[in-house]
Amino acid sequence: MMHTAVGWHVELEFKEDDLHTRAAALVRLPDGSEIRAHGSASRHHTDANQPRVGEEIAGARALNELAMQLLTKAHGEIDSASGRISHPINV
């Protein structure tokens, strides 16, 4: 049986106007570090105003950037612990 050793809390905040949505993502890691990322979405002026869709797109882009930063952090930690340069971690 698997046991959860740690939990992460990810926060997403949004700022919107009629045509733009911006998302800010933050994760606090157990080692005390914080990683922040941003994403955005733009609505074409002929599209219906659907704020939830803008949030989903901007949020996904922010979370994708957060994921890339986490992979970079993990790669650096692997290299530091092993004393050599490892293969990049790909999504």
# chains A, B, ... in the order shown; residues from 1 in each chain; ligands from 1
$ select_by_dssp --residues "segment 4-87 of chain A" --states "strand (DSSP E)" --output "PDB file with all heavy atoms, in the first residue's frame"
ATOM      1  N   HIS A   9       0.826  22.496  -1.976  1.00  0.00           N
ATOM      2  CA  HIS A   9      -0.310  23.384  -2.191  1.00  0.00           C
ATOM      3  C   HIS A   9       0.039  24.325  -3.338  1.00  0.00           C
ATOM      4  O   HIS A   9       1.043  25.028  -3.281  1.00  0.00           O
ATOM      5  CB  HIS A   9      -0.639  24.179  -0.923  1.00  0.00           C
ATOM      6  CG  HIS A   9      -1.108  23.307   0.188  1.00  0.00           C
ATOM      7  ND1 HIS A   9      -2.410  22.885   0.294  1.00  0.00           N
ATOM      8  CD2 HIS A   9      -0.441  22.739   1.211  1.00  0.00           C
ATOM      9  CE1 HIS A   9      -2.525  22.104   1.359  1.00  0.00           C
ATOM     10  NE2 HIS A   9      -1.343  21.997   1.923  1.00  0.00           N
ATOM     11  N   VAL A  10      -0.789  24.300  -4.356  1.00  0.00           N
ATOM     12  CA  VAL A  10      -0.603  25.173  -5.508  1.00  0.00           C
ATOM     13  C   VAL A  10      -1.699  26.229  -5.467  1.00  0.00           C
ATOM     14  O   VAL A  10      -2.873  25.911  -5.267  1.00  0.00           O
ATOM     15  CB  VAL A  10      -0.688  24.382  -6.833  1.00  0.00           C
ATOM     16  CG1 VAL A  10      -0.565  25.310  -8.035  1.00  0.00           C
ATOM     17  CG2 VAL A  10       0.366  23.298  -6.874  1.00  0.00           C
ATOM     18  N   GLU A  11      -1.285  27.472  -5.620  1.00  0.00           N
ATOM     19  CA  GLU A  11      -2.246  28.578  -5.641  1.00  0.00           C
ATOM     20  C   GLU A  11      -2.296  29.169  -7.045  1.00  0.00           C
ATOM     21  O   GLU A  11      -1.262  29.331  -7.693  1.00  0.00           O
ATOM     22  CB  GLU A  11      -1.829  29.668  -4.660  1.00  0.00           C
ATOM     23  CG  GLU A  11      -1.825  29.223  -3.218  1.00  0.00           C
ATOM     24  CD  GLU A  11      -1.334  30.307  -2.275  1.00  0.00           C
ATOM     25  OE1 GLU A  11      -1.393  31.496  -2.652  1.00  0.00           O
ATOM     26  OE2 GLU A  11      -0.891  29.956  -1.174  1.00  0.00           O
ATOM     27  N   LEU A  12      -3.489  29.492  -7.493  1.00  0.00           N
ATOM     28  CA  LEU A  12      -3.687  30.177  -8.772  1.00  0.00           C
ATOM     29  C   LEU A  12      -4.535  31.411  -8.517  1.00  0.00           C
ATOM     30  O   LEU A  12      -5.573  31.324  -7.850  1.00  0.00           O
ATOM     31  CB  LEU A  12      -4.423  29.281  -9.774  1.00  0.00           C
ATOM     32  CG  LEU A  12      -3.619  28.250 -10.520  1.00  0.00           C
ATOM     33  CD1 LEU A  12      -4.538  27.343 -11.324  1.00  0.00           C
ATOM     34  CD2 LEU A  12      -2.623  28.913 -11.444  1.00  0.00           C
ATOM     35  N   GLU A  13      -4.089  32.534  -9.052  1.00  0.00           N
ATOM     36  CA  GLU A  13      -4.854  33.771  -8.968  1.00  0.00           C
ATOM     37  C   GLU A  13      -5.029  34.317 -10.372  1.00  0.00           C
ATOM     38  O   GLU A  13      -4.135  34.186 -11.211  1.00  0.00           O
ATOM     39  CB  GLU A  13      -4.138  34.796  -8.095  1.00  0.00           C
ATOM     40  CG  GLU A  13      -4.074  34.423  -6.642  1.00  0.00           C
ATOM     41  CD  GLU A  13      -3.411  35.489  -5.788  1.00  0.00           C
ATOM     42  OE1 GLU A  13      -2.919  36.499  -6.344  1.00  0.00           O
ATOM     43  OE2 GLU A  13      -3.376  35.305  -4.571  1.00  0.00           O
ATOM     44  N   PHE A  14      -6.159  34.950 -10.608  1.00  0.00           N
ATOM     45  CA  PHE A  14      -6.466  35.467 -11.935  1.00  0.00           C
ATOM     46  C   PHE A  14      -6.791  36.954 -11.882  1.00  0.00           C
ATOM     47  O   PHE A  14      -7.400  37.426 -10.929  1.00  0.00           O
ATOM     48  CB  PHE A  14      -7.678  34.727 -12.529  1.00  0.00           C
ATOM     49  CG  PHE A  14      -7.453  33.250 -12.666  1.00  0.00           C
ATOM     50  CD1 PHE A  14      -7.881  32.370 -11.681  1.00  0.00           C
ATOM     51  CD2 PHE A  14      -6.797  32.733 -13.770  1.00  0.00           C
ATOM     52  CE1 PHE A  14      -7.670  31.013 -11.790  1.00  0.00           C
ATOM     53  CE2 PHE A  14      -6.581  31.377 -13.892  1.00  0.00           C
ATOM     54  CZ  PHE A  14      -7.020  30.512 -12.905  1.00  0.00           C
ATOM     55  N   LYS A  15      -6.383  37.656 -12.931  1.00  0.00           N
ATOM     56  CA  LYS A  15      -6.777  39.044 -13.161  1.00  0.00           C
ATOM     57  C   LYS A  15      -7.346  39.095 -14.563  1.00  0.00           C
ATOM     58  O   LYS A  15      -6.748  38.564 -15.508  1.00  0.00           O
ATOM     59  CB  LYS A  15      -5.589  39.992 -13.030  1.00  0.00           C
ATOM     60  CG  LYS A  15      -5.065  40.097 -11.619  1.00  0.00           C
ATOM     61  CD  LYS A  15      -3.960  41.112 -11.513  1.00  0.00           C
ATOM     62  CE  LYS A  15      -3.496  41.177 -10.059  1.00  0.00           C
ATOM     63  NZ  LYS A  15      -2.395  42.106  -9.883  1.00  0.00           N
ATOM     64  N   GLU A  16      -8.510  39.733 -14.694  1.00  0.00           N
ATOM     65  CA  GLU A  16      -9.195  39.725 -15.983  1.00  0.00           C
ATOM     66  C   GLU A  16      -9.731  41.099 -16.340  1.00  0.00           C
ATOM     67  O   GLU A  16     -10.082  41.893 -15.472  1.00  0.00           O
ATOM     68  CB  GLU A  16     -10.380  38.742 -15.935  1.00  0.00           C
ATOM     69  CG  GLU A  16      -9.960  37.320 -15.632  1.00  0.00           C
ATOM     70  CD  GLU A  16     -11.138  36.405 -15.427  1.00  0.00           C
ATOM     71  OE1 GLU A  16     -11.630  36.328 -14.287  1.00  0.00           O
ATOM     72  OE2 GLU A  16     -11.556  35.784 -16.408  1.00  0.00           O
ATOM     73  N   HIS A  20      -8.570  40.078 -21.783  1.00  0.00           N
ATOM     74  CA  HIS A  20      -7.357  39.395 -21.323  1.00  0.00           C
ATOM     75  C   HIS A  20      -7.556  38.737 -19.963  1.00  0.00           C
ATOM     76  O   HIS A  20      -8.245  39.277 -19.109  1.00  0.00           O
ATOM     77  CB  HIS A  20      -6.196  40.390 -21.205  1.00  0.00           C
ATOM     78  CG  HIS A  20      -5.916  41.114 -22.479  1.00  0.00           C
ATOM     79  ND1 HIS A  20      -6.451  42.350 -22.751  1.00  0.00           N
ATOM     80  CD2 HIS A  20      -5.194  40.763 -23.557  1.00  0.00           C
ATOM     81  CE1 HIS A  20      -6.053  42.737 -23.944  1.00  0.00           C
ATOM     82  NE2 HIS A  20      -5.292  41.800 -24.458  1.00  0.00           N
ATOM     83  N   THR A  21      -6.931  37.602 -19.817  1.00  0.00           N
ATOM     84  CA  THR A  21      -6.885  36.921 -18.523  1.00  0.00           C
ATOM     85  C   THR A  21      -5.433  36.610 -18.222  1.00  0.00           C
ATOM     86  O   THR A  21      -4.712  36.093 -19.083  1.00  0.00           O
ATOM     87  CB  THR A  21      -7.692  35.607 -18.547  1.00  0.00           C
ATOM     88  OG1 THR A  21      -9.039  35.895 -18.929  1.00  0.00           O
ATOM     89  CG2 THR A  21      -7.689  34.932 -17.179  1.00  0.00           C
ATOM     90  N   ARG A  22      -5.012  36.932 -17.027  1.00  0.00           N
ATOM     91  CA  ARG A  22      -3.654  36.631 -16.577  1.00  0.00           C
ATOM     92  C   ARG A  22      -3.747  35.739 -15.344  1.00  0.00           C
ATOM     93  O   ARG A  22      -4.584  35.975 -14.474  1.00  0.00           O
ATOM     94  CB  ARG A  22      -2.902  37.920 -16.259  1.00  0.00           C
ATOM     95  CG  ARG A  22      -2.584  38.722 -17.504  1.00  0.00           C
ATOM     96  CD  ARG A  22      -1.962  40.072 -17.186  1.00  0.00           C
ATOM     97  NE  ARG A  22      -1.728  40.833 -18.393  1.00  0.00           N
ATOM     98  CZ  ARG A  22      -2.664  41.510 -19.068  1.00  0.00           C
ATOM     99  NH1 ARG A  22      -3.899  41.514 -18.646  1.00  0.00           N
ATOM    100  NH2 ARG A  22      -2.355  42.174 -20.166  1.00  0.00           N
ATOM    101  N   ALA A  23      -2.893  34.732 -15.315  1.00  0.00           N
ATOM    102  CA  ALA A  23      -2.872  33.803 -14.186  1.00  0.00           C
ATOM    103  C   ALA A  23      -1.488  33.823 -13.549  1.00  0.00           C
ATOM    104  O   ALA A  23      -0.479  33.903 -14.246  1.00  0.00           O
ATOM    105  CB  ALA A  23      -3.190  32.388 -14.657  1.00  0.00           C
ATOM    106  N   ALA A  24      -1.472  33.763 -12.229  1.00  0.00           N
ATOM    107  CA  ALA A  24      -0.233  33.634 -11.474  1.00  0.00           C
ATOM    108  C   ALA A  24      -0.337  32.356 -10.657  1.00  0.00           C
ATOM    109  O   ALA A  24      -1.321  32.148  -9.946  1.00  0.00           O
ATOM    110  CB  ALA A  24      -0.025  34.842 -10.565  1.00  0.00           C
ATOM    111  N   ALA A  25       0.672  31.496 -10.790  1.00  0.00           N
ATOM    112  CA  ALA A  25       0.702  30.224 -10.063  1.00  0.00           C
ATOM    113  C   ALA A  25       1.859  30.237  -9.071  1.00  0.00           C
ATOM    114  O   ALA A  25       2.920  30.811  -9.346  1.00  0.00           O
ATOM    115  CB  ALA A  25       0.870  29.064 -11.043  1.00  0.00           C
ATOM    116  N   LEU A  26       1.635  29.606  -7.945  1.00  0.00           N
ATOM    117  CA  LEU A  26       2.646  29.525  -6.895  1.00  0.00           C
ATOM    118  C   LEU A  26       2.557  28.149  -6.251  1.00  0.00           C
ATOM    119  O   LEU A  26       1.470  27.673  -5.928  1.00  0.00           O
ATOM    120  CB  LEU A  26       2.401  30.606  -5.830  1.00  0.00           C
ATOM    121  CG  LEU A  26       3.144  30.470  -4.509  1.00  0.00           C
ATOM    122  CD1 LEU A  26       4.625  30.736  -4.698  1.00  0.00           C
ATOM    123  CD2 LEU A  26       2.567  31.395  -3.461  1.00  0.00           C
ATOM    124  N   VAL A  27       3.722  27.514  -6.078  1.00  0.00           N
ATOM    125  CA  VAL A  27       3.775  26.276  -5.310  1.00  0.00           C
ATOM    126  C   VAL A  27       4.853  26.450  -4.245  1.00  0.00           C
ATOM    127  O   VAL A  27       5.930  26.975  -4.519  1.00  0.00           O
ATOM    128  CB  VAL A  27       4.055  25.029  -6.192  1.00  0.00           C
ATOM    129  CG1 VAL A  27       5.389  25.102  -6.888  1.00  0.00           C
ATOM    130  CG2 VAL A  27       3.952  23.748  -5.373  1.00  0.00           C
ATOM    131  N   ARG A  28       4.532  26.058  -3.027  1.00  0.00           N
ATOM    132  CA  ARG A  28       5.486  26.057  -1.922  1.00  0.00           C
ATOM    133  C   ARG A  28       5.918  24.613  -1.702  1.00  0.00           C
ATOM    134  O   ARG A  28       5.087  23.740  -1.458  1.00  0.00           O
ATOM    135  CB  ARG A  28       4.843  26.622  -0.665  1.00  0.00           C
ATOM    136  CG  ARG A  28       4.573  28.095  -0.756  1.00  0.00           C
ATOM    137  CD  ARG A  28       3.992  28.663   0.546  1.00  0.00           C
ATOM    138  NE  ARG A  28       3.733  30.068   0.399  1.00  0.00           N
ATOM    139  CZ  ARG A  28       2.552  30.583   0.047  1.00  0.00           C
ATOM    140  NH1 ARG A  28       1.534  29.784  -0.188  1.00  0.00           N
ATOM    141  NH2 ARG A  28       2.394  31.884  -0.073  1.00  0.00           N
ATOM    142  N   GLU A  34       9.905  28.376  -3.094  1.00  0.00           N
ATOM    143  CA  GLU A  34       8.657  28.708  -3.781  1.00  0.00           C
ATOM    144  C   GLU A  34       8.973  28.860  -5.260  1.00  0.00           C
ATOM    145  O   GLU A  34       9.997  29.419  -5.633  1.00  0.00           O
ATOM    146  CB  GLU A  34       8.075  30.031  -3.273  1.00  0.00           C
ATOM    147  CG  GLU A  34       7.588  29.985  -1.853  1.00  0.00           C
ATOM    148  CD  GLU A  34       6.961  31.300  -1.419  1.00  0.00           C
ATOM    149  OE1 GLU A  34       7.087  32.312  -2.142  1.00  0.00           O
ATOM    150  OE2 GLU A  34       6.352  31.319  -0.342  1.00  0.00           O
ATOM    151  N   ILE A  35       8.080  28.362  -6.074  1.00  0.00           N
ATOM    152  CA  ILE A  35       8.220  28.531  -7.523  1.00  0.00           C
ATOM    153  C   ILE A  35       6.976  29.265  -8.007  1.00  0.00           C
ATOM    154  O   ILE A  35       5.855  28.903  -7.650  1.00  0.00           O
ATOM    155  CB  ILE A  35       8.393  27.178  -8.229  1.00  0.00           C
ATOM    156  CG1 ILE A  35       9.660  26.490  -7.732  1.00  0.00           C
ATOM    157  CG2 ILE A  35       8.438  27.370  -9.739  1.00  0.00           C
ATOM    158  CD1 ILE A  35       9.886  25.125  -8.316  1.00  0.00           C
ATOM    159  N   ARG A  36       7.216  30.295  -8.809  1.00  0.00           N
ATOM    160  CA  ARG A  36       6.128  31.113  -9.343  1.00  0.00           C
ATOM    161  C   ARG A  36       6.163  31.078 -10.862  1.00  0.00           C
ATOM    162  O   ARG A  36       7.234  31.010 -11.459  1.00  0.00           O
ATOM    163  CB  ARG A  36       6.275  32.557  -8.882  1.00  0.00           C
ATOM    164  CG  ARG A  36       6.213  32.726  -7.386  1.00  0.00           C
ATOM    165  CD  ARG A  36       6.545  34.156  -6.963  1.00  0.00           C
ATOM    166  NE  ARG A  36       6.649  34.265  -5.530  1.00  0.00           N
ATOM    167  CZ  ARG A  36       5.623  34.542  -4.718  1.00  0.00           C
ATOM    168  NH1 ARG A  36       4.439  34.752  -5.229  1.00  0.00           N
ATOM    169  NH2 ARG A  36       5.807  34.618  -3.428  1.00  0.00           N
ATOM    170  N   ALA A  37       4.999  31.132 -11.462  1.00  0.00           N
ATOM    171  CA  ALA A  37       4.898  31.147 -12.917  1.00  0.00           C
ATOM    172  C   ALA A  37       3.666  31.947 -13.323  1.00  0.00           C
ATOM    173  O   ALA A  37       2.760  32.172 -12.507  1.00  0.00           O
ATOM    174  CB  ALA A  37       4.814  29.722 -13.457  1.00  0.00           C
ATOM    175  N   HIS A  38       3.652  32.353 -14.583  1.00  0.00           N
ATOM    176  CA  HIS A  38       2.544  33.153 -15.099  1.00  0.00           C
ATOM    177  C   HIS A  38       2.057  32.596 -16.425  1.00  0.00           C
ATOM    178  O   HIS A  38       2.815  31.960 -17.151  1.00  0.00           O
ATOM    179  CB  HIS A  38       2.985  34.606 -15.293  1.00  0.00           C
ATOM    180  CG  HIS A  38       3.377  35.257 -14.019  1.00  0.00           C
ATOM    181  ND1 HIS A  38       4.671  35.205 -13.529  1.00  0.00           N
ATOM    182  CD2 HIS A  38       2.655  35.940 -13.102  1.00  0.00           C
ATOM    183  CE1 HIS A  38       4.713  35.843 -12.381  1.00  0.00           C
ATOM    184  NE2 HIS A  38       3.508  36.296 -12.095  1.00  0.00           N
ATOM    185  N   GLY A  39       0.803  32.836 -16.710  1.00  0.00           N
ATOM    186  CA  GLY A  39       0.206  32.458 -17.987  1.00  0.00           C
ATOM    187  C   GLY A  39      -0.814  33.501 -18.369  1.00  0.00           C
ATOM    188  O   GLY A  39      -1.305  34.252 -17.526  1.00  0.00           O
ATOM    189  N   SER A  40      -1.143  33.547 -19.650  1.00  0.00           N
ATOM    190  CA  SER A  40      -2.129  34.526 -20.093  1.00  0.00           C
ATOM    191  C   SER A  40      -2.972  33.963 -21.225  1.00  0.00           C
ATOM    192  O   SER A  40      -2.606  32.974 -21.871  1.00  0.00           O
ATOM    193  CB  SER A  40      -1.445  35.818 -20.552  1.00  0.00           C
ATOM    194  OG  SER A  40      -0.619  35.559 -21.665  1.00  0.00           O
ATOM    195  N   ALA A  41      -4.101  34.592 -21.426  1.00  0.00           N
ATOM    196  CA  ALA A  41      -4.995  34.247 -22.530  1.00  0.00           C
ATOM    197  C   ALA A  41      -5.633  35.535 -23.023  1.00  0.00           C
ATOM    198  O   ALA A  41      -5.856  36.465 -22.244  1.00  0.00           O
ATOM    199  CB  ALA A  41      -6.077  33.268 -22.068  1.00  0.00           C
ATOM    200  N   SER A  42      -5.904  35.572 -24.312  1.00  0.00           N
ATOM    201  CA  SER A  42      -6.567  36.734 -24.913  1.00  0.00           C
ATOM    202  C   SER A  42      -7.797  36.267 -25.671  1.00  0.00           C
ATOM    203  O   SER A  42      -7.753  35.250 -26.376  1.00  0.00           O
ATOM    204  CB  SER A  42      -5.627  37.452 -25.883  1.00  0.00           C
ATOM    205  OG  SER A  42      -4.509  37.947 -25.211  1.00  0.00           O
TER     206      SER A  42
END
$ residues_around --residues "segment 67-76 of chain A" --least-positions-apart "3" --cutoff "9 Å" --atoms "only C-alpha atoms" --output "list in words"
Ile35, Arg36, Ala37, Ala62, Leu63, Asn64, Asp79, Ser80, Ala81, Ile85, Ser86, His87, Pro88, Ile89, Asn90 and Val91 of chain A
$ atom_distance --atom1 "atom CA of Leu29 of chain A" --atom2 "atom CA of Leu66 of chain A"
12.1 Å
$ atom_distance --atom1 "atom CA of Thr4 of chain A" --atom2 "atom CA of Ser33 of chain A"
19.9 Å
$ select_by_dssp --residues "segment 54-89 of chain A" --states "alpha helix (DSSP H)" --output "number ranges by chain"
A: 54-82
$ closest_residue --among "A:Asp31, A:His3, A:Arg43, A:Arg61" --to "Asp17 of chain A" --atoms "only C-alpha atoms"
A:Arg43
$ decode --residues "segment 4-29 of chain A" --atoms "N, CA and C atoms" --output "compact mmCIF listing (two decimals), in the first residue's frame"
# COMPACT_ATOMS: atom_id res chain seq x y z
N THR A 4 1.19 8.62 1.42
CA THR A 4 1.60 9.96 1.01
C THR A 4 2.57 10.51 2.03
N ALA A 5 3.76 10.90 1.55
CA ALA A 5 4.78 11.43 2.44
C ALA A 5 4.65 12.94 2.61
N VAL A 6 4.29 13.63 1.56
CA VAL A 6 4.18 15.09 1.60
C VAL A 6 3.00 15.53 0.76
N GLY A 7 2.62 16.76 0.93
CA GLY A 7 1.60 17.36 0.07
C GLY A 7 2.08 18.73 -0.38
N TRP A 8 1.68 19.11 -1.55
CA TRP A 8 2.01 20.44 -2.08
C TRP A 8 0.72 21.22 -2.24
N HIS A 9 0.83 22.50 -1.98
CA HIS A 9 -0.31 23.38 -2.19
C HIS A 9 0.04 24.32 -3.34
N VAL A 10 -0.79 24.30 -4.36
CA VAL A 10 -0.60 25.17 -5.51
C VAL A 10 -1.70 26.23 -5.47
N GLU A 11 -1.29 27.47 -5.62
CA GLU A 11 -2.25 28.58 -5.64
C GLU A 11 -2.30 29.17 -7.04
N LEU A 12 -3.49 29.49 -7.49
CA LEU A 12 -3.69 30.18 -8.77
C LEU A 12 -4.54 31.41 -8.52
N GLU A 13 -4.09 32.53 -9.05
CA GLU A 13 -4.85 33.77 -8.97
C GLU A 13 -5.03 34.32 -10.37
N PHE A 14 -6.16 34.95 -10.61
CA PHE A 14 -6.47 35.47 -11.93
C PHE A 14 -6.79 36.95 -11.88
N LYS A 15 -6.38 37.66 -12.93
CA LYS A 15 -6.78 39.04 -13.16
C LYS A 15 -7.35 39.09 -14.56
N GLU A 16 -8.51 39.73 -14.69
CA GLU A 16 -9.20 39.73 -15.98
C GLU A 16 -9.73 41.10 -16.34
N ASP A 17 -9.78 41.34 -17.64
CA ASP A 17 -10.56 42.45 -18.17
C ASP A 17 -11.41 41.86 -19.30
N ASP A 18 -11.98 42.67 -20.14
CA ASP A 18 -12.88 42.16 -21.17
C ASP A 18 -12.20 41.28 -22.21
N LEU A 19 -10.90 41.47 -22.44
CA LEU A 19 -10.21 40.73 -23.49
C LEU A 19 -9.04 39.88 -23.01
N HIS A 20 -8.57 40.08 -21.78
CA HIS A 20 -7.36 39.40 -21.32
C HIS A 20 -7.56 38.74 -19.96
N THR A 21 -6.93 37.60 -19.82
CA THR A 21 -6.88 36.92 -18.52
C THR A 21 -5.43 36.61 -18.22
N ARG A 22 -5.01 36.93 -17.03
CA ARG A 22 -3.65 36.63 -16.58
C ARG A 22 -3.75 35.74 -15.34
N ALA A 23 -2.89 34.73 -15.32
CA ALA A 23 -2.87 33.80 -14.19
C ALA A 23 -1.49 33.82 -13.55
N ALA A 24 -1.47 33.76 -12.23
CA ALA A 24 -0.23 33.63 -11.47
C ALA A 24 -0.34 32.36 -10.66
N ALA A 25 0.67 31.50 -10.79
CA ALA A 25 0.70 30.22 -10.06
C ALA A 25 1.86 30.24 -9.07
N LEU A 26 1.63 29.61 -7.95
CA LEU A 26 2.65 29.53 -6.90
C LEU A 26 2.56 28.15 -6.25
N VAL A 27 3.72 27.51 -6.08
CA VAL A 27 3.78 26.28 -5.31
C VAL A 27 4.85 26.45 -4.24
N ARG A 28 4.53 26.06 -3.03
CA ARG A 28 5.49 26.06 -1.92
C ARG A 28 5.92 24.61 -1.70
N LEU A 29 7.23 24.40 -1.77
CA LEU A 29 7.76 23.05 -1.66
C LEU A 29 8.24 22.76 -0.24
